[in-house]
Amino acid sequence: VNACVDVVLSGVKLLEALGLEPSEGKNHAVLNSRQDLREAFAHFMERGAAAERFFSDAEAFQDIARTASEHPAAQLYVGGNAALIGQKLATNPDLKILLCGPVGPKLHELLDDNVVVPPESMQERDEFHLILEYQAGEEWGRVRAPAANRFIFSHDLSNGALNMLEVFVSSLDEFQPDLVVLSGLHMMEGQNKEMRQRRLVEAVASISDIPTDIPIHLELASMTDQDFMSNIVHQQVFPLVNSIGLNEQELLFLTQSASGPHAALASWSGIPDVGVVSDILFWILKEHGKTAERASDLTRIHFHTLAYHILVTVDGHWGNQAAAVAAGARAAGTQACATDTIDTSKVFLKAPLEFVTSHTEAPSKISLNPDEPVVHWHREGISFHFTPVLVCKDPVRTVGLGDAISAEGLLYSEAYPQ
């Protein structure tokens, strides 16, 4: 239910166009000024980490958005996880996609013809999200980026209030979908606590109205409020969805918020350790997933990080996992390089060639075999499918990569009727 226009450009170029000098990095949960933007951008660029923040001042944001969208180097794209997943799925000519999000004139023009937008979802003005990219080794003042990534910010109230969720759920009767994909919960962090809590309860009521025979996938995104994340996990949303998609930042934040394994880890150093990642994924499905005793529908997690992907499923609920995780990895390599197929001269391998599968129980040690790139292991009724990613050397565009990976993985996943 989140949709917008992404304005993509070099972060350094935008900050220079705004007349902002390089500064020391400092993390801000919410951006209230240009000064906050400058410090937060430096903070994440220095770490080569992706982040997404809400910009609280509407007028200041409009000025920045105008400067960004009129910059000669700016590119305008479909944005918002829901719209990006819809757009990716719509490239398959046999699929029709229903998208409910705040769709303004520019976004409507950018959407694929296979994407259907109900009239109630249309609005007069587009919601703009600014995506400030930086390259590996790029410098701004004393800051040097160790890896290519991006910093995203917006002042987006309609996505933040999940305004289109009810329109979406009421449109499903007529549309009769095979799959529902939800995203945009992270946008609610721009709301005050009371409003957010009330809206989350309403969202849960709406999601509960979706017929149980339709699988629901929830795509997570960058968040900063641990209580809110904990609510989503423990009480409200996880038990209602069949599948979730997330990256390494979201996985670590999730375990910190819900006191899971390895919660004391402050941040990843380099490529996330496979054993640590699989411990957390196992815990999510063991503690919050479907069991004989627990009324939860959650049976699938698609984890993606730059170097590798893992698809984790509760046995008996999903098929075709090897193809699904491989398709997601292939989508990462082709989309980042903007090629139709994997071009081996433009990609490299960053995944660990040997790893252990756990740090909390007796692990097995795995060595990768290039002839069988998808590795499978099993733990207490839960299956893990791991594949390395062929990482693009010079990414043309990193925005929406996680969404493309999740969409492609879903396309190849087989949900068994329960």
# chains A, B, ... in the order shown; residues from 1 in each chain; ligands from 1
$ select_by_dssp --residues "range 84-266 of chain A" --states "alpha helix (DSSP H)" --output "PDB file with N, CA and C atoms, in the first residue's frame"
ATOM      1  N   LEU A  84       6.939  -0.935  -6.348  1.00  0.00           N
ATOM      2  CA  LEU A  84       8.108  -1.564  -6.976  1.00  0.00           C
ATOM      3  C   LEU A  84       7.918  -3.070  -7.139  1.00  0.00           C
ATOM      4  N   ILE A  85       7.353  -3.708  -6.117  1.00  0.00           N
ATOM      5  CA  ILE A  85       7.087  -5.147  -6.225  1.00  0.00           C
ATOM      6  C   ILE A  85       6.041  -5.381  -7.313  1.00  0.00           C
ATOM      7  N   GLY A  86       4.998  -4.523  -7.332  1.00  0.00           N
ATOM      8  CA  GLY A  86       3.960  -4.626  -8.366  1.00  0.00           C
ATOM      9  C   GLY A  86       4.539  -4.446  -9.757  1.00  0.00           C
ATOM     10  N   GLN A  87       5.392  -3.444  -9.901  1.00  0.00           N
ATOM     11  CA  GLN A  87       6.014  -3.137 -11.200  1.00  0.00           C
ATOM     12  C   GLN A  87       6.898  -4.302 -11.668  1.00  0.00           C
ATOM     13  N   LYS A  88       7.632  -4.899 -10.727  1.00  0.00           N
ATOM     14  CA  LYS A  88       8.497  -6.037 -11.064  1.00  0.00           C
ATOM     15  C   LYS A  88       7.649  -7.239 -11.510  1.00  0.00           C
ATOM     16  N   LEU A  89       6.586  -7.537 -10.753  1.00  0.00           N
ATOM     17  CA  LEU A  89       5.712  -8.655 -11.116  1.00  0.00           C
ATOM     18  C   LEU A  89       5.004  -8.402 -12.448  1.00  0.00           C
ATOM     19  N   ALA A  90       4.715  -7.118 -12.734  1.00  0.00           N
ATOM     20  CA  ALA A  90       3.985  -6.758 -13.959  1.00  0.00           C
ATOM     21  C   ALA A  90       4.816  -6.979 -15.221  1.00  0.00           C
ATOM     22  N   PRO A 105      -0.318  11.915 -10.657  1.00  0.00           N
ATOM     23  CA  PRO A 105      -0.232  11.869 -12.116  1.00  0.00           C
ATOM     24  C   PRO A 105       1.104  11.340 -12.656  1.00  0.00           C
ATOM     25  N   LYS A 106       2.214  11.739 -12.046  1.00  0.00           N
ATOM     26  CA  LYS A 106       3.527  11.305 -12.546  1.00  0.00           C
ATOM     27  C   LYS A 106       3.702   9.793 -12.355  1.00  0.00           C
ATOM     28  N   LEU A 107       3.313   9.330 -11.171  1.00  0.00           N
ATOM     29  CA  LEU A 107       3.449   7.901 -10.886  1.00  0.00           C
ATOM     30  C   LEU A 107       2.572   7.083 -11.837  1.00  0.00           C
ATOM     31  N   HIS A 108       1.351   7.552 -12.081  1.00  0.00           N
ATOM     32  CA  HIS A 108       0.427   6.812 -12.949  1.00  0.00           C
ATOM     33  C   HIS A 108       1.033   6.642 -14.343  1.00  0.00           C
ATOM     34  N   GLU A 109       1.693   7.690 -14.795  1.00  0.00           N
ATOM     35  CA  GLU A 109       2.339   7.675 -16.108  1.00  0.00           C
ATOM     36  C   GLU A 109       3.509   6.659 -16.147  1.00  0.00           C
ATOM     37  N   LEU A 110       4.196   6.489 -15.003  1.00  0.00           N
ATOM     38  CA  LEU A 110       5.367   5.603 -14.944  1.00  0.00           C
ATOM     39  C   LEU A 110       5.008   4.122 -14.790  1.00  0.00           C
ATOM     40  N   LEU A 157       2.838  11.819   4.089  1.00  0.00           N
ATOM     41  CA  LEU A 157       1.797  11.599   5.087  1.00  0.00           C
ATOM     42  C   LEU A 157       0.780  10.546   4.669  1.00  0.00           C
ATOM     43  N   SER A 158       0.441  10.485   3.361  1.00  0.00           N
ATOM     44  CA  SER A 158      -0.602   9.520   2.988  1.00  0.00           C
ATOM     45  C   SER A 158      -0.088   8.092   3.074  1.00  0.00           C
ATOM     46  N   ASN A 159       1.178   7.849   2.661  1.00  0.00           N
ATOM     47  CA  ASN A 159       1.742   6.517   2.852  1.00  0.00           C
ATOM     48  C   ASN A 159       1.956   6.243   4.332  1.00  0.00           C
ATOM     49  N   GLY A 160       2.341   7.296   5.069  1.00  0.00           N
ATOM     50  CA  GLY A 160       2.601   7.139   6.505  1.00  0.00           C
ATOM     51  C   GLY A 160       1.368   6.740   7.295  1.00  0.00           C
ATOM     52  N   LEU A 165      -5.068   1.388   2.642  1.00  0.00           N
ATOM     53  CA  LEU A 165      -5.189  -0.018   3.029  1.00  0.00           C
ATOM     54  C   LEU A 165      -6.623  -0.541   2.909  1.00  0.00           C
ATOM     55  N   GLU A 166      -7.582   0.238   3.413  1.00  0.00           N
ATOM     56  CA  GLU A 166      -8.980  -0.222   3.360  1.00  0.00           C
ATOM     57  C   GLU A 166      -9.481  -0.318   1.924  1.00  0.00           C
ATOM     58  N   VAL A 167      -9.062   0.667   1.090  1.00  0.00           N
ATOM     59  CA  VAL A 167      -9.423   0.629  -0.341  1.00  0.00           C
ATOM     60  C   VAL A 167      -8.885  -0.672  -0.945  1.00  0.00           C
ATOM     61  N   PHE A 168      -7.662  -1.007  -0.571  1.00  0.00           N
ATOM     62  CA  PHE A 168      -7.022  -2.214  -1.092  1.00  0.00           C
ATOM     63  C   PHE A 168      -7.813  -3.474  -0.713  1.00  0.00           C
ATOM     64  N   VAL A 169      -8.095  -3.608   0.586  1.00  0.00           N
ATOM     65  CA  VAL A 169      -8.766  -4.830   1.052  1.00  0.00           C
ATOM     66  C   VAL A 169     -10.169  -4.943   0.456  1.00  0.00           C
ATOM     67  N   SER A 170     -10.862  -3.798   0.319  1.00  0.00           N
ATOM     68  CA  SER A 170     -12.219  -3.860  -0.246  1.00  0.00           C
ATOM     69  C   SER A 170     -12.200  -4.146  -1.749  1.00  0.00           C
ATOM     70  N   SER A 171     -11.060  -3.899  -2.407  1.00  0.00           N
ATOM     71  CA  SER A 171     -10.962  -4.177  -3.855  1.00  0.00           C
ATOM     72  C   SER A 171     -10.664  -5.647  -4.146  1.00  0.00           C
ATOM     73  N   LEU A 172     -10.287  -6.411  -3.106  1.00  0.00           N
ATOM     74  CA  LEU A 172      -9.831  -7.788  -3.342  1.00  0.00           C
ATOM     75  C   LEU A 172     -10.960  -8.710  -3.788  1.00  0.00           C
ATOM     76  N   ASP A 173     -12.191  -8.459  -3.282  1.00  0.00           N
ATOM     77  CA  ASP A 173     -13.342  -9.295  -3.661  1.00  0.00           C
ATOM     78  C   ASP A 173     -13.499  -9.375  -5.158  1.00  0.00           C
ATOM     79  N   GLU A 174     -13.421  -8.188  -5.778  1.00  0.00           N
ATOM     80  CA  GLU A 174     -13.611  -8.125  -7.221  1.00  0.00           C
ATOM     81  C   GLU A 174     -12.370  -8.629  -7.962  1.00  0.00           C
ATOM     82  N   PHE A 175     -11.199  -8.333  -7.423  1.00  0.00           N
ATOM     83  CA  PHE A 175      -9.946  -8.654  -8.137  1.00  0.00           C
ATOM     84  C   PHE A 175      -9.575 -10.137  -8.045  1.00  0.00           C
ATOM     85  N   LYS A 193       2.935   8.562  18.334  1.00  0.00           N
ATOM     86  CA  LYS A 193       2.743   7.196  18.875  1.00  0.00           C
ATOM     87  C   LYS A 193       1.282   6.766  18.940  1.00  0.00           C
ATOM     88  N   GLU A 194       0.404   7.671  19.424  1.00  0.00           N
ATOM     89  CA  GLU A 194      -1.014   7.313  19.605  1.00  0.00           C
ATOM     90  C   GLU A 194      -1.658   7.013  18.253  1.00  0.00           C
ATOM     91  N   MET A 195      -1.392   7.919  17.300  1.00  0.00           N
ATOM     92  CA  MET A 195      -1.960   7.779  15.945  1.00  0.00           C
ATOM     93  C   MET A 195      -1.474   6.466  15.312  1.00  0.00           C
ATOM     94  N   ARG A 196      -0.182   6.213  15.493  1.00  0.00           N
ATOM     95  CA  ARG A 196       0.427   5.029  14.899  1.00  0.00           C
ATOM     96  C   ARG A 196      -0.185   3.750  15.484  1.00  0.00           C
ATOM     97  N   GLN A 197      -0.337   3.742  16.813  1.00  0.00           N
ATOM     98  CA  GLN A 197      -0.885   2.561  17.487  1.00  0.00           C
ATOM     99  C   GLN A 197      -2.330   2.311  17.028  1.00  0.00           C
ATOM    100  N   ARG A 198      -3.102   3.408  16.938  1.00  0.00           N
ATOM    101  CA  ARG A 198      -4.504   3.285  16.515  1.00  0.00           C
ATOM    102  C   ARG A 198      -4.569   2.745  15.082  1.00  0.00           C
ATOM    103  N   ARG A 199      -3.703   3.302  14.245  1.00  0.00           N
ATOM    104  CA  ARG A 199      -3.714   2.912  12.824  1.00  0.00           C
ATOM    105  C   ARG A 199      -3.257   1.470  12.652  1.00  0.00           C
ATOM    106  N   LEU A 200      -2.320   1.045  13.495  1.00  0.00           N
ATOM    107  CA  LEU A 200      -1.839  -0.339  13.416  1.00  0.00           C
ATOM    108  C   LEU A 200      -2.971  -1.314  13.770  1.00  0.00           C
ATOM    109  N   VAL A 201      -3.750  -0.969  14.789  1.00  0.00           N
ATOM    110  CA  VAL A 201      -4.897  -1.810  15.183  1.00  0.00           C
ATOM    111  C   VAL A 201      -5.892  -1.898  14.022  1.00  0.00           C
ATOM    112  N   GLU A 202      -6.156  -0.741  13.362  1.00  0.00           N
ATOM    113  CA  GLU A 202      -7.079  -0.734  12.213  1.00  0.00           C
ATOM    114  C   GLU A 202      -6.502  -1.553  11.050  1.00  0.00           C
ATOM    115  N   ALA A 203      -5.183  -1.425  10.850  1.00  0.00           N
ATOM    116  CA  ALA A 203      -4.528  -2.166   9.761  1.00  0.00           C
ATOM    117  C   ALA A 203      -4.654  -3.669  10.004  1.00  0.00           C
ATOM    118  N   VAL A 204      -4.443  -4.073  11.255  1.00  0.00           N
ATOM    119  CA  VAL A 204      -4.541  -5.489  11.612  1.00  0.00           C
ATOM    120  C   VAL A 204      -5.962  -5.999  11.356  1.00  0.00           C
ATOM    121  N   ALA A 205      -6.960  -5.173  11.700  1.00  0.00           N
ATOM    122  CA  ALA A 205      -8.366  -5.554  11.459  1.00  0.00           C
ATOM    123  C   ALA A 205      -8.607  -5.734   9.960  1.00  0.00           C
ATOM    124  N   SER A 206      -8.054  -4.822   9.157  1.00  0.00           N
ATOM    125  CA  SER A 206      -8.211  -4.916   7.695  1.00  0.00           C
ATOM    126  C   SER A 206      -7.541  -6.167   7.139  1.00  0.00           C
ATOM    127  N   ILE A 207      -6.298  -6.402   7.581  1.00  0.00           N
ATOM    128  CA  ILE A 207      -5.545  -7.565   7.076  1.00  0.00           C
ATOM    129  C   ILE A 207      -6.270  -8.860   7.455  1.00  0.00           C
ATOM    130  N   SER A 208      -6.903  -8.851   8.637  1.00  0.00           N
ATOM    131  CA  SER A 208      -7.645 -10.034   9.093  1.00  0.00           C
ATOM    132  C   SER A 208      -8.834 -10.338   8.189  1.00  0.00           C
ATOM    133  N   GLN A 226      11.958   0.749  18.211  1.00  0.00           N
ATOM    134  CA  GLN A 226      11.966  -0.660  18.643  1.00  0.00           C
ATOM    135  C   GLN A 226      10.614  -1.117  19.188  1.00  0.00           C
ATOM    136  N   ASP A 227       9.892  -0.232  19.888  1.00  0.00           N
ATOM    137  CA  ASP A 227       8.574  -0.625  20.436  1.00  0.00           C
ATOM    138  C   ASP A 227       7.610  -0.952  19.310  1.00  0.00           C
ATOM    139  N   PHE A 228       7.644  -0.127  18.277  1.00  0.00           N
ATOM    140  CA  PHE A 228       6.754  -0.325  17.132  1.00  0.00           C
ATOM    141  C   PHE A 228       7.077  -1.652  16.437  1.00  0.00           C
ATOM    142  N   MET A 229       8.368  -1.911  16.243  1.00  0.00           N
ATOM    143  CA  MET A 229       8.792  -3.171  15.620  1.00  0.00           C
ATOM    144  C   MET A 229       8.353  -4.359  16.470  1.00  0.00           C
ATOM    145  N   SER A 230       8.522  -4.218  17.792  1.00  0.00           N
ATOM    146  CA  SER A 230       8.154  -5.284  18.719  1.00  0.00           C
ATOM    147  C   SER A 230       6.647  -5.576  18.636  1.00  0.00           C
ATOM    148  N   ASN A 231       5.840  -4.522  18.514  1.00  0.00           N
ATOM    149  CA  ASN A 231       4.378  -4.689  18.349  1.00  0.00           C
ATOM    150  C   ASN A 231       4.047  -5.477  17.093  1.00  0.00           C
ATOM    151  N   GLU A 248      19.548  -7.404   5.936  1.00  0.00           N
ATOM    152  CA  GLU A 248      20.335  -7.611   7.154  1.00  0.00           C
ATOM    153  C   GLU A 248      20.106  -6.522   8.202  1.00  0.00           C
ATOM    154  N   GLN A 249      19.855  -5.268   7.757  1.00  0.00           N
ATOM    155  CA  GLN A 249      19.610  -4.194   8.740  1.00  0.00           C
ATOM    156  C   GLN A 249      18.300  -4.466   9.480  1.00  0.00           C
ATOM    157  N   GLU A 250      17.290  -4.849   8.724  1.00  0.00           N
ATOM    158  CA  GLU A 250      15.970  -5.101   9.308  1.00  0.00           C
ATOM    159  C   GLU A 250      15.994  -6.338  10.211  1.00  0.00           C
ATOM    160  N   LEU A 251      16.781  -7.350   9.821  1.00  0.00           N
ATOM    161  CA  LEU A 251      16.861  -8.580  10.620  1.00  0.00           C
ATOM    162  C   LEU A 251      17.494  -8.293  11.982  1.00  0.00           C
ATOM    163  N   LEU A 252      18.588  -7.521  11.973  1.00  0.00           N
ATOM    164  CA  LEU A 252      19.271  -7.207  13.230  1.00  0.00           C
ATOM    165  C   LEU A 252      18.384  -6.329  14.114  1.00  0.00           C
ATOM    166  N   PHE A 253      17.709  -5.358  13.496  1.00  0.00           N
ATOM    167  CA  PHE A 253      16.819  -4.476  14.253  1.00  0.00           C
ATOM    168  C   PHE A 253      15.668  -5.274  14.865  1.00  0.00           C
ATOM    169  N   LEU A 254      15.193  -6.271  14.110  1.00  0.00           N
ATOM    170  CA  LEU A 254      14.078  -7.100  14.576  1.00  0.00           C
ATOM    171  C   LEU A 254      14.489  -7.907  15.817  1.00  0.00           C
ATOM    172  N   THR A 255      15.661  -8.530  15.770  1.00  0.00           N
ATOM    173  CA  THR A 255      16.085  -9.348  16.923  1.00  0.00           C
ATOM    174  C   THR A 255      16.411  -8.470  18.129  1.00  0.00           C
ATOM    175  N   GLN A 256      16.931  -7.257  17.886  1.00  0.00           N
ATOM    176  CA  GLN A 256      17.192  -6.314  18.994  1.00  0.00           C
ATOM    177  C   GLN A 256      15.867  -5.866  19.626  1.00  0.00           C
ATOM    178  N   SER A 257      14.857  -5.612  18.787  1.00  0.00           N
ATOM    179  CA  SER A 257      13.568  -5.101  19.276  1.00  0.00           C
ATOM    180  C   SER A 257      12.785  -6.159  20.041  1.00  0.00           C
TER     181      SER A 257
END
$ residues_around --residues "Thr299 in chain A" --least-positions-apart "2" --cutoff "8 Å" --atoms "only C-alpha atoms" --output "mmCIF file with all heavy atoms, in the first residue's frame"
data_model
loop_
_atom_site.group_PDB
_atom_site.id
_atom_site.type_symbol
_atom_site.label_atom_id
_atom_site.label_comp_id
_atom_site.auth_asym_id
_atom_site.auth_seq_id
_atom_site.Cartn_x
_atom_site.Cartn_y
_atom_site.Cartn_z
ATOM 1 N N ASN A 242 1.817 -14.905 5.837
ATOM 2 C CA ASN A 242 2.426 -16.211 5.578
ATOM 3 C C ASN A 242 3.927 -16.100 5.332
ATOM 4 O O ASN A 242 4.666 -17.070 5.483
ATOM 5 C CB ASN A 242 1.791 -16.848 4.335
ATOM 6 C CG ASN A 242 0.280 -16.924 4.462
ATOM 7 O OD1 ASN A 242 -0.409 -15.944 4.200
ATOM 8 N ND2 ASN A 242 -0.238 -18.062 4.893
ATOM 9 N N SER A 243 4.355 -14.906 4.910
ATOM 10 C CA SER A 243 5.719 -14.766 4.426
ATOM 11 C C SER A 243 6.224 -13.367 4.721
ATOM 12 O O SER A 243 5.444 -12.410 4.691
ATOM 13 C CB SER A 243 5.694 -15.030 2.909
ATOM 14 O OG SER A 243 6.883 -14.615 2.290
ATOM 15 N N LEU A 285 10.859 -18.045 13.069
ATOM 16 C CA LEU A 285 9.847 -19.052 12.714
ATOM 17 C C LEU A 285 9.503 -19.951 13.905
ATOM 18 O O LEU A 285 8.365 -20.378 14.058
ATOM 19 C CB LEU A 285 10.317 -19.889 11.523
ATOM 20 C CG LEU A 285 10.297 -19.161 10.174
ATOM 21 C CD1 LEU A 285 10.740 -20.081 9.050
ATOM 22 C CD2 LEU A 285 8.913 -18.585 9.856
ATOM 23 N N GLY A 289 6.362 -18.221 14.251
ATOM 24 C CA GLY A 289 5.792 -18.873 13.070
ATOM 25 C C GLY A 289 4.743 -19.903 13.438
ATOM 26 O O GLY A 289 4.394 -20.078 14.610
ATOM 27 N N LYS A 290 4.262 -20.598 12.433
ATOM 28 C CA LYS A 290 3.177 -21.563 12.600
ATOM 29 C C LYS A 290 3.688 -22.841 13.258
ATOM 30 O O LYS A 290 4.685 -23.416 12.830
ATOM 31 C CB LYS A 290 2.606 -21.897 11.220
ATOM 32 C CG LYS A 290 1.297 -22.671 11.253
ATOM 33 C CD LYS A 290 0.821 -22.896 9.825
ATOM 34 C CE LYS A 290 -0.561 -23.498 9.769
ATOM 35 N NZ LYS A 290 -1.613 -22.551 10.126
ATOM 36 N N ASP A 297 0.207 -17.734 10.980
ATOM 37 C CA ASP A 297 0.270 -18.226 9.601
ATOM 38 C C ASP A 297 1.686 -18.158 9.023
ATOM 39 O O ASP A 297 1.918 -18.586 7.899
ATOM 40 C CB ASP A 297 -0.660 -17.393 8.698
ATOM 41 C CG ASP A 297 -2.124 -17.680 8.998
ATOM 42 O OD1 ASP A 297 -2.422 -18.837 9.361
ATOM 43 O OD2 ASP A 297 -2.956 -16.758 8.888
ATOM 44 N N ILE A 301 10.360 -17.026 5.262
ATOM 45 C CA ILE A 301 11.128 -15.769 5.334
ATOM 46 C C ILE A 301 12.130 -15.769 4.183
ATOM 47 O O ILE A 301 12.876 -16.726 3.995
ATOM 48 C CB ILE A 301 11.905 -15.627 6.661
ATOM 49 C CG1 ILE A 301 10.966 -15.760 7.873
ATOM 50 C CG2 ILE A 301 12.621 -14.273 6.720
ATOM 51 C CD1 ILE A 301 11.710 -15.815 9.205
ATOM 52 N N THR A 313 11.823 -21.877 5.345
ATOM 53 C CA THR A 313 10.402 -22.248 5.315
ATOM 54 C C THR A 313 10.108 -23.333 6.344
ATOM 55 O O THR A 313 10.941 -24.202 6.611
ATOM 56 C CB THR A 313 9.996 -22.778 3.924
ATOM 57 O OG1 THR A 313 10.958 -23.760 3.503
ATOM 58 C CG2 THR A 313 9.950 -21.673 2.891
ATOM 59 N N VAL A 314 8.899 -23.262 6.920
ATOM 60 C CA VAL A 314 8.414 -24.337 7.791
ATOM 61 C C VAL A 314 7.994 -25.487 6.877
ATOM 62 O O VAL A 314 7.273 -25.273 5.892
ATOM 63 C CB VAL A 314 7.215 -23.857 8.645
ATOM 64 C CG1 VAL A 314 6.662 -25.008 9.492
ATOM 65 C CG2 VAL A 314 7.632 -22.695 9.551
ATOM 66 N N HIS A 317 4.733 -26.434 3.872
ATOM 67 C CA HIS A 317 3.924 -25.275 3.458
ATOM 68 C C HIS A 317 4.330 -24.668 2.118
ATOM 69 O O HIS A 317 3.546 -23.972 1.490
ATOM 70 C CB HIS A 317 3.981 -24.189 4.547
ATOM 71 C CG HIS A 317 3.332 -24.619 5.820
ATOM 72 N ND1 HIS A 317 1.986 -24.451 6.058
ATOM 73 C CD2 HIS A 317 3.838 -25.242 6.912
ATOM 74 C CE1 HIS A 317 1.693 -24.946 7.258
ATOM 75 N NE2 HIS A 317 2.787 -25.425 7.792
#
$ residues_around --residues "range 20-23 of chain A" --least-positions-apart "3" --cutoff "12 Å" --atoms "only C-alpha atoms" --output "PyMOL selection string"
chain A and resi 11-17+26+33-43+45-46+64+139-144
$ write_last_selection --atoms "N, CA, C and O atoms" --output "tab-separated table (two decimals), in the first residue's frame"
chain	number	residue	atom	x	y	z
A	11	GLY	N	23.83	11.74	-3.73
A	11	GLY	CA	23.64	12.48	-2.48
A	11	GLY	C	24.57	13.68	-2.39
A	11	GLY	O	24.16	14.77	-1.98
A	12	VAL	N	25.82	13.46	-2.78
A	12	VAL	CA	26.81	14.54	-2.70
A	12	VAL	C	26.38	15.70	-3.61
A	12	VAL	O	26.44	16.87	-3.22
A	13	LYS	N	25.89	15.37	-4.83
A	13	LYS	CA	25.46	16.43	-5.76
A	13	LYS	C	24.28	17.23	-5.20
A	13	LYS	O	24.23	18.46	-5.32
A	14	LEU	N	23.32	16.53	-4.57
A	14	LEU	CA	22.16	17.25	-4.02
A	14	LEU	C	22.61	18.15	-2.87
A	14	LEU	O	22.22	19.33	-2.80
A	15	LEU	N	23.43	17.62	-1.96
A	15	LEU	CA	23.86	18.42	-0.81
A	15	LEU	C	24.65	19.65	-1.27
A	15	LEU	O	24.50	20.74	-0.72
A	16	GLU	N	25.44	19.47	-2.33
A	16	GLU	CA	26.18	20.63	-2.90
A	16	GLU	C	25.19	21.63	-3.50
A	16	GLU	O	25.33	22.84	-3.32
A	17	ALA	N	24.17	21.12	-4.21
A	17	ALA	CA	23.16	22.02	-4.81
A	17	ALA	C	22.38	22.78	-3.75
A	17	ALA	O	21.91	23.90	-3.98
A	26	LYS	N	26.11	12.12	12.11
A	26	LYS	CA	25.35	11.93	13.34
A	26	LYS	C	24.02	11.30	12.97
A	26	LYS	O	23.36	11.76	12.03
A	33	SER	N	15.55	19.17	9.91
A	33	SER	CA	16.15	20.32	9.22
A	33	SER	C	17.18	19.85	8.20
A	33	SER	O	17.55	18.68	8.18
A	34	ARG	N	17.67	20.81	7.41
A	34	ARG	CA	18.74	20.50	6.45
A	34	ARG	C	20.00	20.04	7.17
A	34	ARG	O	20.74	19.20	6.68
A	35	GLN	N	20.23	20.65	8.34
A	35	GLN	CA	21.40	20.28	9.16
A	35	GLN	C	21.33	18.79	9.55
A	35	GLN	O	22.32	18.06	9.45
A	36	ASP	N	20.13	18.35	9.98
A	36	ASP	CA	19.95	16.93	10.33
A	36	ASP	C	20.20	16.03	9.12
A	36	ASP	O	20.80	14.96	9.23
A	37	LEU	N	19.72	16.48	7.95
A	37	LEU	CA	19.90	15.71	6.71
A	37	LEU	C	21.40	15.53	6.42
A	37	LEU	O	21.87	14.44	6.13
A	38	ARG	N	22.12	16.64	6.53
A	38	ARG	CA	23.56	16.64	6.25
A	38	ARG	C	24.29	15.66	7.17
A	38	ARG	O	25.12	14.87	6.74
A	39	GLU	N	23.96	15.70	8.47
A	39	GLU	CA	24.65	14.85	9.46
A	39	GLU	C	24.27	13.38	9.27
A	39	GLU	O	25.13	12.49	9.35
A	40	ALA	N	22.98	13.10	9.03
A	40	ALA	CA	22.53	11.71	8.88
A	40	ALA	C	23.11	11.09	7.61
A	40	ALA	O	23.54	9.93	7.61
A	41	PHE	N	23.14	11.87	6.54
A	41	PHE	CA	23.72	11.36	5.29
A	41	PHE	C	25.19	10.99	5.49
A	41	PHE	O	25.63	9.91	5.10
A	42	ALA	N	25.94	11.88	6.16
A	42	ALA	CA	27.37	11.61	6.42
A	42	ALA	C	27.54	10.36	7.29
A	42	ALA	O	28.41	9.52	7.05
A	43	HIS	N	26.66	10.22	8.29
A	43	HIS	CA	26.71	9.08	9.22
A	43	HIS	C	26.59	7.75	8.46
A	43	HIS	O	27.38	6.82	8.68
A	45	MET	N	26.70	7.26	5.05
A	45	MET	CA	27.67	7.14	3.94
A	45	MET	C	28.99	6.58	4.47
A	45	MET	O	29.61	5.72	3.86
A	46	GLU	N	29.39	7.05	5.64
A	46	GLU	CA	30.65	6.61	6.26
A	46	GLU	C	30.63	5.10	6.55
A	46	GLU	O	31.64	4.44	6.53
A	64	ILE	N	13.46	21.11	-0.82
A	64	ILE	CA	14.53	20.16	-1.14
A	64	ILE	C	14.10	19.26	-2.30
A	64	ILE	O	14.87	19.00	-3.23
A	139	GLU	N	33.92	10.18	-1.98
A	139	GLU	CA	34.29	11.00	-0.82
A	139	GLU	C	33.45	12.27	-0.74
A	139	GLU	O	33.08	12.84	-1.76
A	140	TRP	N	33.15	12.66	0.49
A	140	TRP	CA	32.48	13.94	0.75
A	140	TRP	C	33.14	14.51	1.99
A	140	TRP	O	32.95	13.99	3.09
A	141	GLY	N	33.96	15.55	1.79
A	141	GLY	CA	34.76	16.04	2.91
A	141	GLY	C	35.67	14.92	3.40
A	141	GLY	O	36.36	14.28	2.62
A	142	ARG	N	35.56	14.63	4.71
A	142	ARG	CA	36.42	13.58	5.28
A	142	ARG	C	35.77	12.19	5.24
A	142	ARG	O	36.35	11.21	5.66
A	143	VAL	N	34.52	12.14	4.78
A	143	VAL	CA	33.79	10.87	4.75
A	143	VAL	C	34.11	10.12	3.46
A	143	VAL	O	34.11	10.70	2.38
A	144	ARG	N	34.38	8.81	3.60
A	144	ARG	CA	34.63	7.98	2.42
A	144	ARG	C	33.75	6.73	2.51
A	144	ARG	O	33.79	6.02	3.51
$ closest_residue --among "A:Gln62, A:Thr339, A:Thr344, A:Ser269" --to "Ser154 in chain A" --atoms "only C-alpha atoms"
A:Gln62
$ residues_around --residues "Gly328 in chain A" --least-positions-apart "3" --cutoff "8 Å" --atoms "only C-alpha atoms" --output "ChimeraX atom specification"
/A:309,324-325,331-332,404-409
$ closest_residue --among "A:Leu99, A:Ile366, A:Leu130, A:Val115" --to "Asp63 in chain A" --atoms "only C-alpha atoms"
A:Leu130
$ atom_distance --atom1 "CA of Val277 in chain A" --atom2 "CA of His385 in chain A"
12.7 Å
$ select_by_dssp --residues "range 128-161 of chain A" --states "strand (DSSP E or B)" --output "list in words"
Phe128, His129, Leu130, Ile131, Leu132, Glu133, Tyr134, Glu139, Trp140, Val143, Arg144, Asn149, Arg150, Phe151, Ile152, Phe153 and Ser154 of chain A
$ residues_around --residues "range 184-187 of chain A" --least-positions-apart "6" --cutoff "8 Å" --atoms "only C-alpha atoms" --output "NGL selection string"
:A and (1-2 or 54 or 80-82 or 156 or 159-162 or 219-223)
$ closest_residue --among "A:Cys4, A:Val180, A:Ala322, A:Ala60" --to "Ala83 in chain A" --atoms "only C-alpha atoms"
A:Cys4
